[in-house]
Each structure stands twice: as structure tokens, then as C-alpha cells.
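coords_3.txt (compact mmCIF, C-alpha atoms) appears below.
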# COMPACT_ATOMS: atom_id res chain seq x y z
CA MET N 659 5.22 -86.88 50.80
CA ALA N 660 6.24 -90.22 52.29
CA ASP N 661 5.64 -93.90 51.59
CA ASP N 662 5.93 -95.36 55.12
CA LEU N 663 3.06 -93.78 57.09
CA ASP N 664 1.03 -95.74 59.61
CA GLY N 665 -2.55 -96.39 58.57
CA ILE N 666 -1.99 -96.42 54.81
CA ASP N 667 -0.55 -99.27 52.71
CA LEU N 668 0.52 -97.75 49.41
CA ASP N 669 1.62 -101.01 47.83
CA ARG N 670 -1.84 -102.51 48.25
CA LEU N 671 -3.59 -99.28 47.38
CA ARG N 672 -1.72 -98.88 44.10
CA PRO N 673 -3.69 -101.54 42.14
CA TYR N 674 -6.92 -100.51 43.89
CA PHE N 675 -6.49 -96.91 42.73
CA ALA N 676 -5.69 -98.05 39.20
CA ARG N 677 -8.97 -99.99 39.05
CA HIS N 678 -11.35 -97.68 40.92
CA VAL N 679 -10.11 -94.07 41.04
CA PRO N 680 -10.57 -91.85 37.95
CA GLY N 681 -7.25 -90.67 36.56
CA ALA N 682 -5.14 -93.20 38.48
CA THR N 683 -2.87 -95.65 36.68
CA ASP N 684 -0.36 -98.14 38.03
CA ARG N 685 2.10 -95.40 38.92
CA PRO N 686 3.67 -95.60 42.41
CA LEU N 687 1.81 -93.68 45.10
CA THR N 688 3.11 -91.40 47.83
CA ALA N 689 1.16 -90.05 50.81
CA GLU N 690 1.21 -87.41 53.54
CA LEU N 691 -0.83 -87.21 56.72
CA ILE N 692 -3.10 -84.16 56.47
CA ALA N 693 -5.00 -84.59 59.72
CA GLY N 694 -5.16 -87.27 62.36
CA GLY N 695 -5.50 -88.17 65.99
CA ARG N 696 -8.83 -86.71 67.02
CA SER N 697 -11.14 -88.29 64.48
CA ASN N 698 -10.73 -90.07 61.17
CA LEU N 699 -7.31 -90.06 59.52
CA THR N 700 -6.94 -87.99 56.36
CA TYR N 701 -4.11 -88.52 53.88
CA GLY N 702 -3.08 -86.71 50.74
CA VAL N 703 -2.22 -89.29 48.06
CA SER N 704 -0.40 -88.60 44.79
CA ASP N 705 0.89 -90.52 41.80
CA GLY N 706 3.07 -87.60 40.72
CA GLU N 707 0.44 -86.29 38.30
CA HIS N 708 -2.79 -86.36 40.27
CA GLU N 709 -3.70 -85.73 43.89
CA TRP N 710 -6.50 -87.24 45.94
CA VAL N 711 -7.55 -87.51 49.58
CA LEU N 712 -8.04 -90.80 51.40
CA ARG N 713 -10.08 -91.02 54.63
CA ARG N 714 -10.04 -93.95 57.04
CA PRO N 715 -10.93 -94.54 60.74
CA PRO N 716 -8.38 -93.85 63.49
CA LEU N 717 -6.05 -96.61 64.62
CA GLY N 718 -7.50 -98.82 67.36
CA HIS N 719 -10.29 -98.25 69.94
CA ILE N 720 -13.15 -97.75 67.51
CA LEU N 721 -16.43 -97.24 69.34
CA PRO N 722 -19.56 -98.91 67.94
CA THR N 723 -21.35 -96.78 65.27
CA ALA N 724 -18.39 -94.35 65.12
CA HIS N 725 -16.11 -93.68 62.13
CA ASP N 726 -18.42 -95.23 59.52
CA MET N 727 -16.68 -94.57 56.22
CA GLY N 728 -19.62 -95.88 54.23
CA ARG N 729 -21.97 -93.31 55.75
CA GLU N 730 -19.52 -90.48 55.15
CA PHE N 731 -19.06 -91.52 51.52
CA ARG N 732 -22.81 -91.86 51.01
CA VAL N 733 -23.73 -88.42 52.31
CA LEU N 734 -20.97 -86.71 50.32
CA ASP N 735 -22.07 -88.51 47.17
CA ALA N 736 -25.68 -87.44 47.73
CA LEU N 737 -24.84 -83.81 48.51
CA ALA N 738 -22.87 -83.46 45.27
CA GLN N 739 -26.20 -82.77 43.54
CA THR N 740 -27.09 -79.90 45.91
CA ASP N 741 -25.76 -76.40 46.56
CA VAL N 742 -23.95 -77.57 49.72
CA PRO N 743 -20.21 -77.32 48.95
CA VAL N 744 -18.61 -80.76 49.37
CA PRO N 745 -15.65 -82.58 47.76
CA ARG N 746 -16.43 -85.05 44.97
CA VAL N 747 -16.02 -88.66 46.06
CA PHE N 748 -14.60 -91.32 43.75
CA ALA N 749 -14.45 -94.68 45.46
CA PHE N 750 -15.41 -96.48 48.68
CA CYS N 751 -13.80 -99.72 49.89
CA ASP N 752 -15.00 -101.86 52.82
CA ASP N 753 -12.47 -104.68 52.27
CA PRO N 754 -9.93 -104.54 55.14
CA GLU N 755 -7.47 -106.55 53.03
CA VAL N 756 -6.79 -103.47 50.92
CA ASN N 757 -5.77 -100.99 53.63
CA GLY N 758 -6.52 -102.54 57.02
CA SER N 759 -9.95 -100.90 57.36
CA SER N 760 -12.67 -99.33 55.27
CA PHE N 761 -11.80 -96.07 53.47
CA TYR N 762 -12.93 -93.77 50.70
CA VAL N 763 -11.18 -91.56 48.17
CA MET N 764 -12.24 -88.02 47.25
CA GLU N 765 -10.90 -85.06 45.35
CA ARG N 766 -8.32 -82.78 46.89
CA VAL N 767 -9.96 -79.37 47.04
CA ASP N 768 -7.86 -76.22 46.75
CA GLY N 769 -8.73 -74.25 49.84
CA VAL N 770 -7.74 -72.91 53.25
CA ILE N 771 -8.63 -74.44 56.62
CA LEU N 772 -8.31 -72.07 59.57
CA ARG N 773 -7.07 -74.57 62.16
CA ASP N 774 -5.50 -72.23 64.71
CA SER N 775 -5.74 -68.82 66.30
CA THR N 776 -2.91 -67.44 64.15
CA GLY N 777 -4.88 -67.93 60.94
CA ILE N 778 -8.03 -66.53 62.50
CA ALA N 779 -6.21 -63.47 63.83
CA ALA N 780 -4.99 -62.68 60.31
CA LEU N 781 -8.55 -62.05 59.13
CA SER N 782 -9.59 -58.42 58.82
CA PRO N 783 -12.85 -57.51 60.58
CA ASP N 784 -14.64 -57.39 57.20
CA ALA N 785 -13.31 -60.82 56.23
CA ALA N 786 -14.20 -62.21 59.64
CA ARG N 787 -17.77 -61.00 59.29
CA ALA N 788 -18.11 -62.38 55.77
CA CYS N 789 -16.66 -65.70 56.90
CA SER N 790 -18.99 -66.04 59.88
CA GLU N 791 -22.07 -65.08 57.85
CA GLU N 792 -21.12 -67.65 55.23
CA LEU N 793 -20.70 -70.36 57.87
CA VAL N 794 -24.20 -69.74 59.20
CA ASP N 795 -25.69 -69.64 55.70
CA VAL N 796 -24.02 -72.90 54.69
CA LEU N 797 -25.31 -74.57 57.84
CA ALA N 798 -28.82 -73.41 56.99
CA SER N 799 -28.31 -74.75 53.44
CA ILE N 800 -27.37 -78.18 54.79
CA HIS N 801 -30.55 -78.21 56.87
CA ALA N 802 -32.65 -77.12 53.87
CA VAL N 803 -31.66 -80.09 51.67
CA ASP N 804 -34.56 -82.36 50.73
CA TYR N 805 -32.91 -85.55 51.94
CA GLU N 806 -35.56 -87.75 50.35
CA ALA N 807 -34.96 -86.17 46.95
CA VAL N 808 -31.18 -86.80 47.08
CA GLY N 809 -31.58 -90.45 48.07
CA LEU N 810 -30.97 -90.18 51.83
CA GLY N 811 -34.44 -91.12 53.02
CA GLU N 812 -33.04 -94.17 54.82
CA PHE N 813 -29.90 -92.42 56.09
CA GLY N 814 -31.22 -92.16 59.64
CA ARG N 815 -34.32 -92.35 61.86
CA PRO N 816 -35.44 -88.82 62.70
CA GLU N 817 -38.17 -89.98 65.07
CA GLY N 818 -36.80 -90.09 68.62
CA PHE N 819 -33.47 -88.67 67.46
CA LEU N 820 -32.68 -86.60 70.56
CA GLU N 821 -33.58 -89.32 73.02
CA ARG N 822 -31.40 -91.82 71.13
CA GLN N 823 -28.55 -89.32 71.08
CA ILE N 824 -28.59 -88.98 74.86
CA ARG N 825 -28.63 -92.75 75.24
CA ARG N 826 -25.95 -93.30 72.59
CA TRP N 827 -23.50 -90.80 74.03
CA GLY N 828 -24.09 -92.11 77.53
CA GLU N 829 -23.17 -95.58 76.29
CA GLN N 830 -20.10 -94.17 74.53
CA TRP N 831 -19.02 -92.64 77.81
CA GLU N 832 -19.22 -95.99 79.58
CA ARG N 833 -17.11 -97.60 76.85
CA SER N 834 -14.37 -94.98 76.74
CA LYS N 835 -14.23 -93.30 80.16
CA THR N 836 -10.83 -93.26 81.81
CA ARG N 837 -12.23 -92.39 85.25
CA ASP N 838 -15.53 -91.64 86.96
CA GLN N 839 -17.14 -88.25 86.31
CA ARG N 840 -20.37 -87.87 88.26
CA GLY N 841 -21.53 -84.86 86.28
CA VAL N 842 -21.96 -86.93 83.11
CA ASP N 843 -24.79 -89.00 84.59
CA GLU N 844 -26.41 -85.89 86.05
CA LEU N 845 -26.35 -84.16 82.67
CA GLY N 846 -27.82 -87.20 80.97
CA ARG N 847 -30.65 -87.25 83.51
CA ARG N 848 -31.43 -83.55 83.07
CA LEU N 849 -31.29 -83.70 79.28
CA GLN N 850 -33.65 -86.66 79.27
CA ALA N 851 -36.07 -84.87 81.59
CA ALA N 852 -36.09 -81.70 79.47
CA LEU N 853 -36.31 -83.21 75.96
CA PRO N 854 -37.65 -80.56 73.57
CA LYS N 855 -40.07 -81.28 70.78
CA SER N 856 -38.06 -81.34 67.55
CA GLY N 857 -39.11 -79.43 64.46
CA SER N 858 -38.97 -80.90 60.97
CA PRO N 859 -35.95 -83.18 60.53
CA SER N 860 -33.00 -82.56 58.24
CA ILE N 861 -29.54 -83.81 57.43
CA VAL N 862 -27.40 -83.26 60.54
CA HIS N 863 -23.65 -82.82 60.01
CA GLY N 864 -22.79 -83.76 63.59
CA ASP N 865 -19.61 -81.67 64.02
CA TYR N 866 -20.08 -78.45 62.07
CA ARG N 867 -17.47 -75.80 62.93
CA LEU N 868 -15.00 -73.43 61.28
CA ASP N 869 -12.09 -75.87 60.99
CA ASN N 870 -14.33 -78.53 59.45
CA THR N 871 -14.83 -76.25 56.47
CA MET N 872 -12.46 -75.20 53.69
CA LEU N 873 -12.44 -71.60 52.50
CA ALA N 874 -11.57 -70.22 49.08
CA PRO N 875 -7.88 -69.15 48.98
CA ASP N 876 -8.77 -65.81 47.38
CA ASP N 877 -11.96 -65.21 49.36
CA LEU N 878 -12.08 -66.36 52.98
CA GLY N 879 -15.74 -65.39 53.06
CA THR N 880 -16.63 -68.31 50.79
CA VAL N 881 -16.83 -71.95 51.90
CA VAL N 882 -15.67 -74.26 49.10
CA ALA N 883 -16.04 -77.54 51.01
CA VAL N 884 -17.67 -78.82 54.19
CA LEU N 885 -15.56 -81.67 55.56
CA ASP N 886 -15.67 -84.41 58.25
CA TRP N 887 -19.15 -85.90 57.83
CA GLU N 888 -18.37 -88.94 59.97
CA MET N 889 -21.19 -88.24 62.47
CA SER N 890 -23.81 -87.18 59.93
CA THR N 891 -27.35 -88.56 60.06
CA LEU N 892 -30.98 -87.45 59.87
CA GLY N 893 -32.40 -85.72 62.90
CA ASP N 894 -32.91 -82.43 64.69
CA PRO N 895 -30.87 -79.69 62.95
CA LEU N 896 -30.67 -77.59 66.12
CA ALA N 897 -28.20 -80.16 67.44
CA ASP N 898 -25.80 -78.78 64.79
CA LEU N 899 -26.54 -75.20 65.79
CA GLY N 900 -25.95 -75.94 69.48
CA LEU N 901 -22.55 -77.50 68.82
CA PHE N 902 -21.58 -74.74 66.41
CA LEU N 903 -22.41 -72.15 69.08
CA LEU N 904 -20.42 -74.07 71.68
CA TYR N 905 -17.32 -73.97 69.46
CA TRP N 906 -18.09 -70.34 68.59
CA GLY N 907 -18.23 -69.03 72.13
CA SER N 908 -16.51 -71.42 74.55
CA PRO N 909 -12.75 -71.37 75.24
CA ASP N 910 -13.00 -74.96 76.50
CA ALA N 911 -14.60 -76.16 73.28
CA GLN N 912 -12.03 -74.26 71.25
CA ASN N 913 -9.29 -76.37 72.80
CA VAL N 914 -10.71 -79.10 70.56
CA ALA N 915 -10.94 -76.86 67.51
CA THR N 916 -9.20 -73.63 66.54
CA GLY N 917 -7.80 -72.48 69.88
CA GLU N 918 -10.00 -69.56 70.90
CA PRO N 919 -13.66 -68.51 70.64
CA MET N 920 -14.51 -66.58 67.49
CA GLY N 921 -17.48 -64.73 68.96
CA THR N 922 -15.18 -62.37 70.85
CA ARG N 923 -12.91 -61.43 67.94
CA PRO N 924 -13.35 -58.25 65.85
CA GLY N 925 -15.70 -58.71 62.92
CA PHE N 926 -17.00 -62.17 63.81
CA LEU N 927 -20.70 -62.42 64.57
CA SER N 928 -21.65 -62.57 68.22
CA ARG N 929 -23.51 -65.62 69.52
CA ASP N 930 -26.80 -63.71 69.41
CA GLU N 931 -26.12 -62.61 65.83
CA VAL N 932 -25.37 -66.20 64.81
CA VAL N 933 -28.68 -67.35 66.30
CA ALA N 934 -30.64 -64.52 64.68
CA ARG N 935 -29.09 -65.11 61.25
CA TYR N 936 -29.64 -68.86 61.42
CA ALA N 937 -33.28 -68.40 62.51
CA ALA N 938 -33.87 -65.96 59.62
CA ARG N 939 -32.18 -68.17 57.02
CA SER N 940 -33.72 -71.45 58.19
CA GLY N 941 -37.11 -70.28 59.46
CA ARG N 942 -36.71 -72.54 62.51
CA ASN N 943 -37.82 -71.87 66.07
CA VAL N 944 -34.84 -71.46 68.42
CA ASP N 945 -36.72 -70.85 71.70
CA GLN N 946 -35.40 -74.06 73.31
CA LEU N 947 -31.79 -73.47 72.32
CA ASP N 948 -30.55 -73.81 75.92
CA TRP N 949 -31.19 -77.55 75.73
CA TYR N 950 -29.10 -77.92 72.58
CA LEU N 951 -26.21 -75.94 74.11
CA VAL N 952 -26.15 -78.19 77.18
CA PHE N 953 -26.35 -81.27 74.97
CA ALA N 954 -23.47 -79.97 72.85
CA SER N 955 -21.15 -79.74 75.88
CA TYR N 956 -22.25 -83.19 77.05
CA LYS N 957 -21.53 -84.71 73.64
CA LEU N 958 -18.19 -82.93 73.16
CA ALA N 959 -16.97 -83.98 76.61
CA ILE N 960 -17.62 -87.61 75.71
CA ILE N 961 -15.89 -87.21 72.34
CA VAL N 962 -12.82 -85.78 74.08
CA GLU N 963 -12.84 -88.69 76.52
CA GLY N 964 -12.73 -91.05 73.53
CA ILE N 965 -9.68 -89.13 72.26
CA ASN N 966 -8.10 -89.53 75.70
CA ALA N 967 -8.67 -93.29 75.52
CA ARG N 968 -6.98 -93.53 72.11
CA ILE N 969 -4.03 -91.46 73.33
CA ARG N 970 -3.55 -93.76 76.32
CA MET N 971 -3.50 -96.73 73.96
CA GLY N 972 -0.97 -95.01 71.67
CA ASN N 973 -3.39 -95.04 68.73
CA THR N 974 -3.16 -91.46 67.48
CA LEU N 975 -1.28 -89.93 64.56
CA GLY N 976 -0.30 -86.31 64.04
CA GLU N 977 1.06 -83.66 66.34
CA GLY N 978 -0.58 -81.50 68.97
CA TYR N 979 -2.77 -84.16 70.58
CA THR N 980 -2.34 -84.48 74.31
CA GLU N 981 -4.54 -86.18 76.87
CA SER N 982 -6.83 -83.72 78.62
CA ASP N 983 -8.79 -84.91 81.63
CA ALA N 984 -9.14 -81.26 82.64
CA LEU N 985 -10.87 -80.40 79.36
CA VAL N 986 -13.49 -83.09 79.88
CA THR N 987 -14.12 -81.81 83.40
CA ALA N 988 -14.35 -78.20 82.17
CA LEU N 989 -16.88 -79.12 79.48
CA ILE N 990 -19.03 -81.04 81.97
CA GLU N 991 -18.92 -78.22 84.51
CA GLY N 992 -19.71 -75.69 81.79
CA ALA N 993 -22.73 -77.73 80.73
CA LEU N 994 -24.00 -77.90 84.31
CA ASP N 995 -23.57 -74.14 84.69
CA GLU N 996 -25.48 -73.58 81.44
CA ALA N 997 -28.22 -75.90 82.64
CA ASN N 998 -28.46 -74.18 86.02
CA ARG N 999 -28.89 -70.79 84.32
CA SER N 1000 -31.46 -72.03 81.80
CA SER N 1001 -35.07 -70.90 81.78
CA ILE N 1002 -36.02 -74.52 81.08
CA ARG N 1003 -37.01 -75.77 84.52
CA ALA N 1004 -36.16 -79.44 83.93
CA LEU N 1005 -32.63 -78.49 82.89
CA GLN N 1006 -32.10 -76.75 86.21
CA GLY N 1007 -32.19 -80.13 87.96

Represent the structure from my file as C-alpha cells, please.
Amino acid sequence: MADDLDGIDLDRLRPYFARHVPGATDRPLTAELIAGGRSNLTYGVSDGEHEWVLRRPPLGHILPTAHDMGREFRVLDALAQTDVPVPRVFAFCDDPEVNGSSFYVMERVDGVILRDSTGIAALSPDAARACSEELVDVLASIHAVDYEAVGLGEFGRPEGFLERQIRRWGEQWERSKTRDQRGVDELGRRLQAALPKSGSPSIVHGDYRLDNTMLAPDDLGTVVAVLDWEMSTLGDPLADLGLFLLYWGSPDAQNVATGEPMGTRPGFLSRDEVVARYAARSGRNVDQLDWYLVFASYKLAIIVEGINARIRMGNTLGEGYTESDALVTALIEGALDEANRSSIRALQG
């Protein structure tokens, strides 16, 4: 651990922890960067006796409505009373005088995150199947939560969710684009023209995928924590399924996540098996899934362009993050190909 990392001021955090974080005293703090660069920054913090995790927004170039620490803290706090596995949260601070931006503190869960193809390849076929079945079941559990009952009735506006999402991500593109990409506007037009009718709303994670979950060290078929709730809201749960399937089956999307598509590896569920299991567990209609797959590529391309913008400004931490104009282009072209092949006429353009 270190005491001179960008994005975390341990001297100022020391008295804050002593006052607000269970178990903390006035002992000196040390920190390590756990994950950074592509989304919020995550630090391990220790006083020598206890360990916690601190989450804060990335450095610089924060898009409107993105990286809302208060929302992430709120949904984790609410889900603690459900069967969705999440870390316990201890404190939220929106005073930038403490650490330069808002942040929250949560427990440090003992678990494994499969962040790269090496870790995935080490899974036996049986473990891979158990892991993929668990991922689908946990996603269905998130979507089954009675959000009113856990105090999240005002967490979002489910009515008009998909239309707002198209508009929001189009606006994000305009704010962060590093060059013109004609396909983005075309995709936005087609998605708007083909808007499906949403089923009953639910909590939406916003970026559910394998490496945003933590698995039990002694049982990689059990999820012990779902992480990275920064884009969570209330809305159409099939938006989560579409993005999950994009990560599951697309090599381009896996350049953002774990390096290679899981759906082609021994033991992991195929895309069709994922859809069938989710439909059975959730009871939801998946007939219009093409739309959600196209939307997932559209959204992910714009997220990657935001990462590109931060890299150009020098506002990323961590290793392995390189600018990728080609990835944005590949995701857009993949979305157009998916749309052209769809049975949904309006998606065909």
C-alpha cells in the first residue's frame, strides 16, 4: 500500500474515517489503487488493523449525470436488505473539501474478480457452467427486487426510460466525441424508430458483466458481491440483459471487459442458453431482444469514447488503458450489422 496516490488524500480522510467509518480510529491510513481509468476509481484503504474500499469518480472530464456516488451508495444500502449479494456500505461524503470529490466507503469483500482471459481459462467446464448459471440467476434476482419495498421508489423514472436512454447517450456522445462517427446518429435514429414496449420496470444495474461481480474464493460458481452500480436506475431490465449478452458474445465488447467472449469457451452457457435461463428465471418476454442488443453496442461505444476523451486529457489511473478509436468504430459497425439482420423492420433502417 502507498500514501501518495492521485485521487485520494489520506491526511484529510484520516479524521473523516475516525468520525464516520465503523472500526476506524485516528490511526494513519494507507491506500492502494484497486481499479481505475475506465470508470470510477476504487481504492483499498487500511489503518493496519482494518480494511475498507473507497470509491470516487474518475479524475477530470466528468459527464453530466455520470459517476454519481450518492446514487451508487443509495442503491447498495437499499439492496443490503435483499438476497442480491452486495458489499455493505458505511459512509457517504459529498463534501469536496475532504477528498476533492464525493466518495463512499464500503466493506472489502473477500472474493475473486475474473478480469482477464487467463483467469477465465483456468475454470474447468463444470465451474464455467456453474459460474455462468449463477450470473444469470443473480441478474434475474436484481430484476425481481421490489424497489418500492426497499426504499427506491424515487430512484428513477421508469416511464419513458428507453427513449430517455437514447437521448441521454446521444448527448453524451456529443460531449465526449473525439471525431465524427456517422453511424452513431444512424443508430440513434433506428433505435428511436423501433422503440419496444417495456415490460414491468425494475432496478437496472447498467453495466452487469462477469468482471463487475466478485466470486467466492472457494467456489467460483457463487457470486458474493455485485459491484460498480454507478449507472444503476429504475427502468427496463432487458437493457441489462442486452448489455450482458454483448459482453458475453462479442470480442469487441470484451476488449472493454475480460478480453474474450465467454459464450465460446468450454462449459460457459451459449448466448441462447443465457436468454432461455433468464427468461425462465425472470418470467419476462424476450421477443424484442434484438433492439436491446443494438442499444447495448450503441451505449458501449459511447462509453468507450468517453474513456478515450479522459485518456487524451491524461485523466486516467491504472495500467492497461489505451485509447481505442478502432474499438468505438467496431462497436458501431457491429450494432449496424445486428440491426440490419434483425427481424424488427424499423431497426433495419

**Prompt:** Within 9 Å of segment 869-883 of chain N, counting all atoms listed in the file, which residues qualify if same-chain residues fewer than 4 places away don't, as a PyMOL selection string?
**Reply:** chain N and resi 742-745+767-774+781+785-793+796+865+887+915-916

**Asked** Taking only C-alpha atoms into account, which of N:Pro715, N:Gly728, N:Gly828, N:Pro783 comes nearest Gln850 of chain N?
**Response**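 Among N:Pro715, N:Gly728, N:Gly828, N:Pro783, it is N:Gly828 that comes nearest to Gln850 of chain N.
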
**Request:** Using all atoms listed in the file, determine which residues lie at most 9 Å from Val803 of chain N, disregarding the query and same-chain residues fewer than 6 positions distant; provide the list as a list of chain:residue names.
**Result:**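 The filter keeps N:Leu737, N:Thr740, N:Asp741, N:Val742, N:Ser860, N:Ile861.
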
**Item:** Two-atom distance - atom CA of Gly811 of chain N, atom CA of Leu892 of chain N (Å)
**Value:**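 Atom CA of Leu892 of chain N lies 8.5 Å from atom CA of Gly811 of chain N.
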
Grab all the atoms of segment 984-1002 of chain N that the file lists, wrap them in a box along x, y and z, add 8 Å per side, and give me centre plus edge lengths in Å (one decimal) as AutoDock Vina command-line options.
--center_x -22.6 --center_y -76.9 --center_z 82.7 --size_x 42.9 --size_y 28.3 --size_z 22.7

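Pairwise distance (atom CA of Leu994 of chain N, atom CA of Val952 of chain N) equals 7.5 Å.
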
**Item:** Nearest residue to Phe926 of chain N from the set N:Ala779, N:Leu717, N:Leu687, N:Ala798 (distances using all atoms listed in the file)
**Value:**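 Checking each of N:Ala779, N:Leu717, N:Leu687, N:Ala798 against Phe926 of chain N, counting all atoms listed in the file, the winner is N:Ala779.
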
**Among the residues N:Ala937, N:Ala967, N:Ala852, N:Ile778, the one that comes closest to Pro924 of chain N [using only C-alpha atoms]** =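 Of N:Ala937, N:Ala967, N:Ala852, N:Ile778, the one nearest Pro924 of chain N is N:Ile778, counting only C-alpha atoms.
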
**Message:** Residues near Pro680 of chain N, anyone? I mean within 10 Å using all atoms listed in the file, not counting same-chain ones fewer than 4 positions away, as a list in words.
**Reply:**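 Counting all atoms listed in the file, the residues come to Phe675, Ala676, His708, Phe748 and Ala749 of chain N.
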
**Message:** As an exercise, work out the distance from atom CA of Ala851 of chain N to atom CA of Gly1007 of chain N in Å and give it to one decimal place.
**Reply:** 8.8 Å
